[in-house]
Every structure is written in C-alpha cells, then in structure tokens.
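Chemist: Data file query-v9.cif (mmCIF, N, CA and C atoms) is appended below.
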data_upload
#
loop_
_atom_site.label_atom_id
_atom_site.label_comp_id
_atom_site.auth_asym_id
_atom_site.auth_seq_id
_atom_site.Cartn_x
_atom_site.Cartn_y
_atom_site.Cartn_z
N MET W 263 80.96 143.46 185.84
CA MET W 263 80.57 142.91 184.55
C MET W 263 79.85 144.02 183.79
N ASN W 264 80.27 144.24 182.56
CA ASN W 264 79.60 145.27 181.76
C ASN W 264 78.42 144.67 181.00
N ALA W 265 77.66 145.52 180.33
CA ALA W 265 76.44 145.07 179.65
C ALA W 265 76.73 144.03 178.57
N LYS W 266 77.82 144.21 177.84
CA LYS W 266 78.16 143.26 176.78
C LYS W 266 78.49 141.89 177.37
N ASP W 267 79.25 141.86 178.46
CA ASP W 267 79.58 140.60 179.11
C ASP W 267 78.33 139.93 179.69
N SER W 268 77.46 140.74 180.27
CA SER W 268 76.23 140.21 180.83
C SER W 268 75.36 139.59 179.74
N ARG W 269 75.22 140.29 178.63
CA ARG W 269 74.42 139.77 177.51
C ARG W 269 75.01 138.46 177.00
N GLN W 270 76.32 138.39 176.87
CA GLN W 270 76.96 137.18 176.38
C GLN W 270 76.75 136.02 177.36
N ALA W 271 76.87 136.29 178.64
CA ALA W 271 76.67 135.25 179.65
C ALA W 271 75.24 134.72 179.60
N HIS W 272 74.28 135.61 179.44
CA HIS W 272 72.88 135.17 179.36
C HIS W 272 72.61 134.42 178.05
N ASP W 273 73.19 134.88 176.96
CA ASP W 273 73.03 134.16 175.69
C ASP W 273 73.57 132.73 175.81
N GLU W 274 74.72 132.59 176.46
CA GLU W 274 75.36 131.28 176.58
C GLU W 274 74.60 130.34 177.53
N SER W 275 73.91 130.89 178.50
CA SER W 275 73.19 130.03 179.46
C SER W 275 71.71 129.85 179.12
N ALA W 276 71.25 130.46 178.04
CA ALA W 276 69.82 130.46 177.71
C ALA W 276 69.24 129.05 177.59
N VAL W 277 69.96 128.18 176.94
CA VAL W 277 69.45 126.82 176.69
C VAL W 277 69.23 126.07 177.99
N ASP W 278 70.05 126.34 178.99
CA ASP W 278 69.96 125.62 180.26
C ASP W 278 69.21 126.38 181.34
N TYR W 279 68.73 127.57 181.04
CA TYR W 279 68.18 128.46 182.07
C TYR W 279 67.01 127.83 182.83
N ASP W 280 66.03 127.30 182.15
CA ASP W 280 64.85 126.75 182.82
C ASP W 280 65.23 125.57 183.72
N ARG W 281 66.13 124.72 183.23
CA ARG W 281 66.57 123.58 184.04
C ARG W 281 67.33 124.06 185.28
N LEU W 282 68.21 125.04 185.09
CA LEU W 282 68.96 125.58 186.22
C LEU W 282 68.04 126.22 187.25
N ALA W 283 67.02 126.92 186.79
CA ALA W 283 66.07 127.53 187.71
C ALA W 283 65.41 126.46 188.57
N SER W 284 65.05 125.36 187.96
CA SER W 284 64.44 124.25 188.70
C SER W 284 65.45 123.61 189.64
N ASP W 285 66.69 123.40 189.18
CA ASP W 285 67.73 122.81 190.02
C ASP W 285 67.99 123.64 191.27
N TYR W 286 67.87 124.96 191.14
CA TYR W 286 68.10 125.84 192.28
C TYR W 286 66.82 126.16 193.05
N HIS W 287 65.76 125.41 192.74
CA HIS W 287 64.47 125.52 193.45
C HIS W 287 63.85 126.91 193.34
N TRP W 288 63.96 127.48 192.16
CA TRP W 288 63.29 128.76 191.89
C TRP W 288 62.01 128.43 191.15
N PHE W 289 60.90 128.73 191.76
CA PHE W 289 59.61 128.40 191.19
C PHE W 289 58.83 129.68 190.93
N PRO W 290 58.76 130.11 189.68
CA PRO W 290 58.07 131.37 189.36
C PRO W 290 56.57 131.32 189.62
N GLU W 291 56.03 130.14 189.81
CA GLU W 291 54.61 130.03 190.10
C GLU W 291 54.26 130.74 191.41
N ILE W 292 55.25 130.91 192.28
CA ILE W 292 55.02 131.61 193.54
C ILE W 292 54.61 133.06 193.26
N LEU W 293 55.31 133.71 192.34
CA LEU W 293 54.96 135.08 191.97
C LEU W 293 53.55 135.14 191.40
N PHE W 294 53.21 134.19 190.54
CA PHE W 294 51.87 134.14 189.98
C PHE W 294 50.84 133.99 191.10
N GLY W 295 51.11 133.12 192.06
CA GLY W 295 50.19 132.92 193.17
C GLY W 295 49.96 134.18 193.98
N LEU W 296 51.01 134.96 194.17
CA LEU W 296 50.89 136.21 194.92
C LEU W 296 50.05 137.25 194.17
N CYS W 297 50.05 137.17 192.85
CA CYS W 297 49.34 138.15 192.02
C CYS W 297 47.94 137.69 191.61
N PHE W 298 47.63 136.42 191.79
CA PHE W 298 46.43 135.83 191.23
C PHE W 298 45.15 136.61 191.53
N ASP W 299 44.98 137.09 192.73
CA ASP W 299 43.76 137.80 193.10
C ASP W 299 43.62 139.15 192.40
N TYR W 300 44.68 139.63 191.80
CA TYR W 300 44.69 140.98 191.23
C TYR W 300 44.70 141.00 189.70
N ILE W 301 44.72 139.85 189.08
CA ILE W 301 44.79 139.82 187.61
C ILE W 301 43.48 139.33 187.01
N ARG W 302 43.23 139.75 185.79
CA ARG W 302 42.03 139.34 185.07
C ARG W 302 42.42 139.02 183.62
N PRO W 303 41.78 138.02 183.03
CA PRO W 303 42.04 137.72 181.62
C PRO W 303 41.86 138.97 180.77
N GLY W 304 42.71 139.13 179.79
CA GLY W 304 42.65 140.27 178.90
C GLY W 304 43.55 141.42 179.31
N GLN W 305 44.03 141.41 180.55
CA GLN W 305 44.95 142.46 180.98
C GLN W 305 46.29 142.28 180.27
N ARG W 306 47.08 143.34 180.29
CA ARG W 306 48.41 143.30 179.68
C ARG W 306 49.47 143.30 180.76
N LEU W 307 50.54 142.55 180.50
CA LEU W 307 51.66 142.47 181.43
C LEU W 307 52.95 142.75 180.66
N LEU W 308 53.71 143.70 181.14
CA LEU W 308 55.02 143.98 180.57
C LEU W 308 56.06 143.34 181.47
N ALA W 309 56.79 142.39 180.93
CA ALA W 309 57.81 141.67 181.68
C ALA W 309 59.18 142.18 181.24
N LEU W 310 59.78 143.00 182.08
CA LEU W 310 61.13 143.50 181.79
C LEU W 310 62.12 142.43 182.23
N GLY W 311 62.99 142.03 181.32
CA GLY W 311 63.89 140.92 181.61
C GLY W 311 63.15 139.60 181.56
N ILE W 312 62.33 139.42 180.53
CA ILE W 312 61.46 138.24 180.43
C ILE W 312 62.23 136.93 180.29
N GLY W 313 63.47 137.01 179.82
CA GLY W 313 64.27 135.79 179.70
C GLY W 313 63.61 134.78 178.79
N THR W 314 63.50 133.55 179.27
CA THR W 314 62.89 132.47 178.49
C THR W 314 61.37 132.47 178.58
N GLY W 315 60.82 133.37 179.37
CA GLY W 315 59.37 133.42 179.56
C GLY W 315 58.89 132.52 180.67
N LEU W 316 59.81 131.96 181.43
CA LEU W 316 59.46 131.02 182.48
C LEU W 316 58.46 131.61 183.48
N CYS W 317 58.70 132.81 183.91
CA CYS W 317 57.81 133.44 184.90
C CYS W 317 56.51 133.91 184.24
N ALA W 318 56.58 134.35 183.00
CA ALA W 318 55.41 134.89 182.31
C ALA W 318 54.43 133.80 181.86
N ARG W 319 54.89 132.58 181.79
CA ARG W 319 54.08 131.47 181.28
C ARG W 319 52.75 131.33 182.04
N SER W 320 52.80 131.36 183.35
CA SER W 320 51.57 131.21 184.15
C SER W 320 50.59 132.35 183.89
N PHE W 321 51.12 133.55 183.73
CA PHE W 321 50.26 134.70 183.46
C PHE W 321 49.61 134.58 182.09
N SER W 322 50.36 134.07 181.13
CA SER W 322 49.81 133.87 179.79
C SER W 322 48.69 132.84 179.82
N ARG W 323 48.91 131.76 180.54
CA ARG W 323 47.88 130.72 180.65
C ARG W 323 46.62 131.23 181.33
N ALA W 324 46.77 132.26 182.16
CA ALA W 324 45.61 132.85 182.85
C ALA W 324 44.89 133.87 181.98
N GLY W 325 45.37 134.04 180.74
CA GLY W 325 44.67 134.91 179.80
C GLY W 325 45.22 136.32 179.67
N LEU W 326 46.37 136.59 180.28
CA LEU W 326 46.97 137.91 180.13
C LEU W 326 47.72 138.00 178.82
N HIS W 327 47.79 139.18 178.26
CA HIS W 327 48.58 139.44 177.06
C HIS W 327 49.97 139.86 177.52
N ILE W 328 50.97 139.09 177.16
CA ILE W 328 52.32 139.30 177.66
C ILE W 328 53.17 140.03 176.63
N PHE W 329 53.85 141.05 177.09
CA PHE W 329 54.83 141.78 176.29
C PHE W 329 56.12 141.73 177.09
N GLY W 330 57.22 141.42 176.43
CA GLY W 330 58.46 141.29 177.17
C GLY W 330 59.65 141.88 176.46
N MET W 331 60.63 142.23 177.28
CA MET W 331 61.90 142.75 176.79
C MET W 331 63.01 141.99 177.50
N ASP W 332 64.10 141.76 176.78
CA ASP W 332 65.27 141.16 177.40
C ASP W 332 66.49 141.55 176.60
N ASN W 333 67.62 141.66 177.27
CA ASN W 333 68.87 142.02 176.63
C ASN W 333 69.48 140.84 175.87
N SER W 334 69.06 139.63 176.18
CA SER W 334 69.62 138.43 175.57
C SER W 334 68.75 137.95 174.41
N SER W 335 69.30 137.98 173.22
CA SER W 335 68.54 137.53 172.05
C SER W 335 68.28 136.03 172.12
N GLU W 336 69.18 135.27 172.71
CA GLU W 336 68.97 133.81 172.84
C GLU W 336 67.83 133.51 173.81
N MET W 337 67.76 134.24 174.89
CA MET W 337 66.64 134.07 175.83
C MET W 337 65.32 134.38 175.12
N LEU W 338 65.29 135.45 174.35
CA LEU W 338 64.07 135.83 173.63
C LEU W 338 63.68 134.78 172.59
N ASN W 339 64.67 134.18 171.92
CA ASN W 339 64.37 133.14 170.95
C ASN W 339 63.67 131.96 171.63
N ILE W 340 64.14 131.59 172.80
CA ILE W 340 63.48 130.50 173.54
C ILE W 340 62.10 130.92 174.00
N CYS W 341 61.97 132.14 174.43
CA CYS W 341 60.69 132.66 174.90
C CYS W 341 59.64 132.61 173.79
N ARG W 342 60.04 132.95 172.58
CA ARG W 342 59.08 132.95 171.46
C ARG W 342 58.55 131.55 171.23
#
Written as structure tokens, how would this file's structure read?
Modeler:
Amino acid sequence: MNAKDSRQAHDESAVDYDRLASDYHWFPEILFGLCFDYIRPGQRLLALGIGTGLCARSFSRAGLHIFGMDNSSEMLNICR
C-alpha cells in the first residue's frame, strides 16, 4: 500500500475509528497508565500519527499540552 492509498483508507475509516478501536478491545488508557508516573501538567507531548486523538485524550486531561501530526485530514478534523 502506498502513502496515497494509506491516507485514503484512513480518511474513509476516520468516522468509525474510535468505535472500531473499542470493538477490537484497544484501550489507549493503558499507555497513559504506563506513563502516568513520568508526566506532569504543563509538559508538552508530540503525538505522531495522532489520528482522532483517542490516545492523546487522557494526556490532555492530565494537563499536558498536546501537539499532533497525522497523514489523514479526516482523522485530524475529528481530533480537533
């Protein structure tokens, strides 16, 4: 799959991404839990491939400033 096909596939699945993640039992809170002892409010986090922001949400709620990049404009629209 080339970059253009990958971007199109992610754009097309963006609306359902969070639901699909839950259906497949992917819980990003686990990553947050592993990092919790090492983060402090006010820190900055760069999320490469931020997608819909599902994983970054917990970090944002903990007071981190989130910056993200993603190849899918539809994923970024949902993230905003």
Chemist: Just the strand (DSSP E) stuff from chain W, please, per backbone DSSP, written as a list in words.
Modeler: Arg306, Leu307, Leu308, Ala309, Leu310, His327, Ile328, Phe329, Gly330 and Met331 of chain W
Chemist: Translate the PyMOL selection byres (((chain W and resi 301 and name CA) around 12) and name CA) into a concrete residue list for this structure, as a PDB file with N, CA and C atoms, keeping the file's coordinate frame.
Modeler:
ATOM      1  N   PHE W 294      53.210 134.190 190.540  1.00  0.00           N
ATOM      2  CA  PHE W 294      51.870 134.140 189.980  1.00  0.00           C
ATOM      3  C   PHE W 294      50.840 133.990 191.100  1.00  0.00           C
ATOM      4  N   GLY W 295      51.110 133.120 192.060  1.00  0.00           N
ATOM      5  CA  GLY W 295      50.190 132.920 193.170  1.00  0.00           C
ATOM      6  C   GLY W 295      49.960 134.180 193.980  1.00  0.00           C
ATOM      7  N   LEU W 296      51.010 134.960 194.170  1.00  0.00           N
ATOM      8  CA  LEU W 296      50.890 136.210 194.920  1.00  0.00           C
ATOM      9  C   LEU W 296      50.050 137.250 194.170  1.00  0.00           C
ATOM     10  N   CYS W 297      50.050 137.170 192.850  1.00  0.00           N
ATOM     11  CA  CYS W 297      49.340 138.150 192.020  1.00  0.00           C
ATOM     12  C   CYS W 297      47.940 137.690 191.610  1.00  0.00           C
ATOM     13  N   PHE W 298      47.630 136.420 191.790  1.00  0.00           N
ATOM     14  CA  PHE W 298      46.430 135.830 191.230  1.00  0.00           C
ATOM     15  C   PHE W 298      45.150 136.610 191.530  1.00  0.00           C
ATOM     16  N   ASP W 299      44.980 137.090 192.730  1.00  0.00           N
ATOM     17  CA  ASP W 299      43.760 137.800 193.100  1.00  0.00           C
ATOM     18  C   ASP W 299      43.620 139.150 192.400  1.00  0.00           C
ATOM     19  N   TYR W 300      44.680 139.630 191.800  1.00  0.00           N
ATOM     20  CA  TYR W 300      44.690 140.980 191.230  1.00  0.00           C
ATOM     21  C   TYR W 300      44.700 141.000 189.700  1.00  0.00           C
ATOM     22  N   ARG W 302      43.230 139.750 185.790  1.00  0.00           N
ATOM     23  CA  ARG W 302      42.030 139.340 185.070  1.00  0.00           C
ATOM     24  C   ARG W 302      42.420 139.020 183.620  1.00  0.00           C
ATOM     25  N   PRO W 303      41.780 138.020 183.030  1.00  0.00           N
ATOM     26  CA  PRO W 303      42.040 137.720 181.620  1.00  0.00           C
ATOM     27  C   PRO W 303      41.860 138.970 180.770  1.00  0.00           C
ATOM     28  N   GLY W 304      42.710 139.130 179.790  1.00  0.00           N
ATOM     29  CA  GLY W 304      42.650 140.270 178.900  1.00  0.00           C
ATOM     30  C   GLY W 304      43.550 141.420 179.310  1.00  0.00           C
ATOM     31  N   GLN W 305      44.030 141.410 180.550  1.00  0.00           N
ATOM     32  CA  GLN W 305      44.950 142.460 180.980  1.00  0.00           C
ATOM     33  C   GLN W 305      46.290 142.280 180.270  1.00  0.00           C
ATOM     34  N   ARG W 306      47.080 143.340 180.290  1.00  0.00           N
ATOM     35  CA  ARG W 306      48.410 143.300 179.680  1.00  0.00           C
ATOM     36  C   ARG W 306      49.470 143.300 180.760  1.00  0.00           C
ATOM     37  N   LEU W 307      50.540 142.550 180.500  1.00  0.00           N
ATOM     38  CA  LEU W 307      51.660 142.470 181.430  1.00  0.00           C
ATOM     39  C   LEU W 307      52.950 142.750 180.660  1.00  0.00           C
ATOM     40  N   SER W 320      52.800 131.360 183.350  1.00  0.00           N
ATOM     41  CA  SER W 320      51.570 131.210 184.150  1.00  0.00           C
ATOM     42  C   SER W 320      50.590 132.350 183.890  1.00  0.00           C
ATOM     43  N   PHE W 321      51.120 133.550 183.730  1.00  0.00           N
ATOM     44  CA  PHE W 321      50.260 134.700 183.460  1.00  0.00           C
ATOM     45  C   PHE W 321      49.610 134.580 182.090  1.00  0.00           C
ATOM     46  N   SER W 322      50.360 134.070 181.130  1.00  0.00           N
ATOM     47  CA  SER W 322      49.810 133.870 179.790  1.00  0.00           C
ATOM     48  C   SER W 322      48.690 132.840 179.820  1.00  0.00           C
ATOM     49  N   ARG W 323      48.910 131.760 180.540  1.00  0.00           N
ATOM     50  CA  ARG W 323      47.880 130.720 180.650  1.00  0.00           C
ATOM     51  C   ARG W 323      46.620 131.230 181.330  1.00  0.00           C
ATOM     52  N   ALA W 324      46.770 132.260 182.160  1.00  0.00           N
ATOM     53  CA  ALA W 324      45.610 132.850 182.850  1.00  0.00           C
ATOM     54  C   ALA W 324      44.890 133.870 181.980  1.00  0.00           C
ATOM     55  N   GLY W 325      45.370 134.040 180.740  1.00  0.00           N
ATOM     56  CA  GLY W 325      44.670 134.910 179.800  1.00  0.00           C
ATOM     57  C   GLY W 325      45.220 136.320 179.670  1.00  0.00           C
ATOM     58  N   LEU W 326      46.370 136.590 180.280  1.00  0.00           N
ATOM     59  CA  LEU W 326      46.970 137.910 180.130  1.00  0.00           C
ATOM     60  C   LEU W 326      47.720 138.000 178.820  1.00  0.00           C
ATOM     61  N   HIS W 327      47.790 139.180 178.260  1.00  0.00           N
ATOM     62  CA  HIS W 327      48.580 139.440 177.060  1.00  0.00           C
ATOM     63  C   HIS W 327      49.970 139.860 177.520  1.00  0.00           C
TER      64      HIS W 327
END
Chemist: Could you tell me how far CA of Ile328 (chain W) lies from atom C of Phe289 (chain W), in Å and to one decimal?
Modeler: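 Atom-to-atom, CA of Ile328 (chain W) and atom C of Phe289 (chain W) are spaced 17.6 Å apart.
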Chemist: Just give me the gap between atom C of Leu293 (chain W) and atom C of Met331 (chain W) in Å, one decimal is fine.
Modeler: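 Going from atom C of Leu293 (chain W) over to atom C of Met331 (chain W), I get 18.2 Å.
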Chemist: One number please: CA of Asn333 (chain W) to CA of Ser284 (chain W), in Å, one decimal.
Modeler: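 If I compute the distance from CA of Asn333 (chain W) to CA of Ser284 (chain W), I get 21.9 Å.
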Chemist: Counting only N, CA and C atoms, what is within 6.5 Å of Leu310 (chain W), bar same-chain residues fewer than 2 positions away, as a PyMOL selection string?
Modeler: chain W and resi 308+312-313+329-332
Chemist: Counting only N, CA and C atoms, which residue out of W:Tyr279, W:Pro290, W:Ala271, W:Asn264 sits closest to Ala318 (chain W)?
Modeler: W:Pro290
Chemist: Which residues are near Glu336 (chain W)? Cut-off 7 Å, only C-alpha atoms, ignore same chain within fewer than 3 positions. Put them as a VMD selection string.
Modeler: chain W and resid 273 276 339 to 340
Chemist: Let's see if you can do this: from backbone DSSP, list all alpha helix (DSSP H) residues in chain W, as a compact mmCIF listing (two decimals) with N, CA and C atoms, in the frame of the given file.
Modeler:
# COMPACT_ATOMS: atom_id res chain seq x y z
N ALA W 265 77.66 145.52 180.33
CA ALA W 265 76.44 145.07 179.65
C ALA W 265 76.73 144.03 178.57
N LYS W 266 77.82 144.21 177.84
CA LYS W 266 78.16 143.26 176.78
C LYS W 266 78.49 141.89 177.37
N ASP W 267 79.25 141.86 178.46
CA ASP W 267 79.58 140.60 179.11
C ASP W 267 78.33 139.93 179.69
N SER W 268 77.46 140.74 180.27
CA SER W 268 76.23 140.21 180.83
C SER W 268 75.36 139.59 179.74
N ARG W 269 75.22 140.29 178.63
CA ARG W 269 74.42 139.77 177.51
C ARG W 269 75.01 138.46 177.00
N GLN W 270 76.32 138.39 176.87
CA GLN W 270 76.96 137.18 176.38
C GLN W 270 76.75 136.02 177.36
N ALA W 271 76.87 136.29 178.64
CA ALA W 271 76.67 135.25 179.65
C ALA W 271 75.24 134.72 179.60
N HIS W 272 74.28 135.61 179.44
CA HIS W 272 72.88 135.17 179.36
C HIS W 272 72.61 134.42 178.05
N ASP W 273 73.19 134.88 176.96
CA ASP W 273 73.03 134.16 175.69
C ASP W 273 73.57 132.73 175.81
N GLU W 274 74.72 132.59 176.46
CA GLU W 274 75.36 131.28 176.58
C GLU W 274 74.60 130.34 177.53
N SER W 275 73.91 130.89 178.50
CA SER W 275 73.19 130.03 179.46
C SER W 275 71.71 129.85 179.12
N TYR W 279 68.73 127.57 181.04
CA TYR W 279 68.18 128.46 182.07
C TYR W 279 67.01 127.83 182.83
N ASP W 280 66.03 127.30 182.15
CA ASP W 280 64.85 126.75 182.82
C ASP W 280 65.23 125.57 183.72
N ARG W 281 66.13 124.72 183.23
CA ARG W 281 66.57 123.58 184.04
C ARG W 281 67.33 124.06 185.28
N LEU W 282 68.21 125.04 185.09
CA LEU W 282 68.96 125.58 186.22
C LEU W 282 68.04 126.22 187.25
N ALA W 283 67.02 126.92 186.79
CA ALA W 283 66.07 127.53 187.71
C ALA W 283 65.41 126.46 188.57
N SER W 284 65.05 125.36 187.96
CA SER W 284 64.44 124.25 188.70
C SER W 284 65.45 123.61 189.64
N ASP W 285 66.69 123.40 189.18
CA ASP W 285 67.73 122.81 190.02
C ASP W 285 67.99 123.64 191.27
N GLU W 291 56.03 130.14 189.81
CA GLU W 291 54.61 130.03 190.10
C GLU W 291 54.26 130.74 191.41
N ILE W 292 55.25 130.91 192.28
CA ILE W 292 55.02 131.61 193.54
C ILE W 292 54.61 133.06 193.26
N LEU W 293 55.31 133.71 192.34
CA LEU W 293 54.96 135.08 191.97
C LEU W 293 53.55 135.14 191.40
N PHE W 294 53.21 134.19 190.54
CA PHE W 294 51.87 134.14 189.98
C PHE W 294 50.84 133.99 191.10
N GLY W 295 51.11 133.12 192.06
CA GLY W 295 50.19 132.92 193.17
C GLY W 295 49.96 134.18 193.98
N LEU W 296 51.01 134.96 194.17
CA LEU W 296 50.89 136.21 194.92
C LEU W 296 50.05 137.25 194.17
N CYS W 297 50.05 137.17 192.85
CA CYS W 297 49.34 138.15 192.02
C CYS W 297 47.94 137.69 191.61
N ALA W 318 56.58 134.35 183.00
CA ALA W 318 55.41 134.89 182.31
C ALA W 318 54.43 133.80 181.86
N ARG W 319 54.89 132.58 181.79
CA ARG W 319 54.08 131.47 181.28
C ARG W 319 52.75 131.33 182.04
N SER W 320 52.80 131.36 183.35
CA SER W 320 51.57 131.21 184.15
C SER W 320 50.59 132.35 183.89
N PHE W 321 51.12 133.55 183.73
CA PHE W 321 50.26 134.70 183.46
C PHE W 321 49.61 134.58 182.09
N SER W 322 50.36 134.07 181.13
CA SER W 322 49.81 133.87 179.79
C SER W 322 48.69 132.84 179.82
N ARG W 323 48.91 131.76 180.54
CA ARG W 323 47.88 130.72 180.65
C ARG W 323 46.62 131.23 181.33
N SER W 335 69.30 137.98 173.22
CA SER W 335 68.54 137.53 172.05
C SER W 335 68.28 136.03 172.12
N GLU W 336 69.18 135.27 172.71
CA GLU W 336 68.97 133.81 172.84
C GLU W 336 67.83 133.51 173.81
N MET W 337 67.76 134.24 174.89
CA MET W 337 66.64 134.07 175.83
C MET W 337 65.32 134.38 175.12
N LEU W 338 65.29 135.45 174.35
CA LEU W 338 64.07 135.83 173.63
C LEU W 338 63.68 134.78 172.59
N ASN W 339 64.67 134.18 171.92
CA ASN W 339 64.37 133.14 170.95
C ASN W 339 63.67 131.96 171.63
N ILE W 340 64.14 131.59 172.80
CA ILE W 340 63.48 130.50 173.54
C ILE W 340 62.10 130.92 174.00
N CYS W 341 61.97 132.14 174.43
CA CYS W 341 60.69 132.66 174.90
C CYS W 341 59.64 132.61 173.79
Chemist: For Ser275 (chain W), work out the shell of residues within 12 Å, counting only C-alpha atoms and skipping chain neighbours fewer than 3 positions away, then give it as a list in words.
Modeler: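 With the cut-off at 12 Å, the set is Ser268, Arg269, Gln270, Ala271, His272, Asp278, Tyr279, Asp280, Arg281, Leu282, Ala283, Gly313, Thr314, Ser334, Ser335, Glu336, Met337 and Ile340 of chain W.
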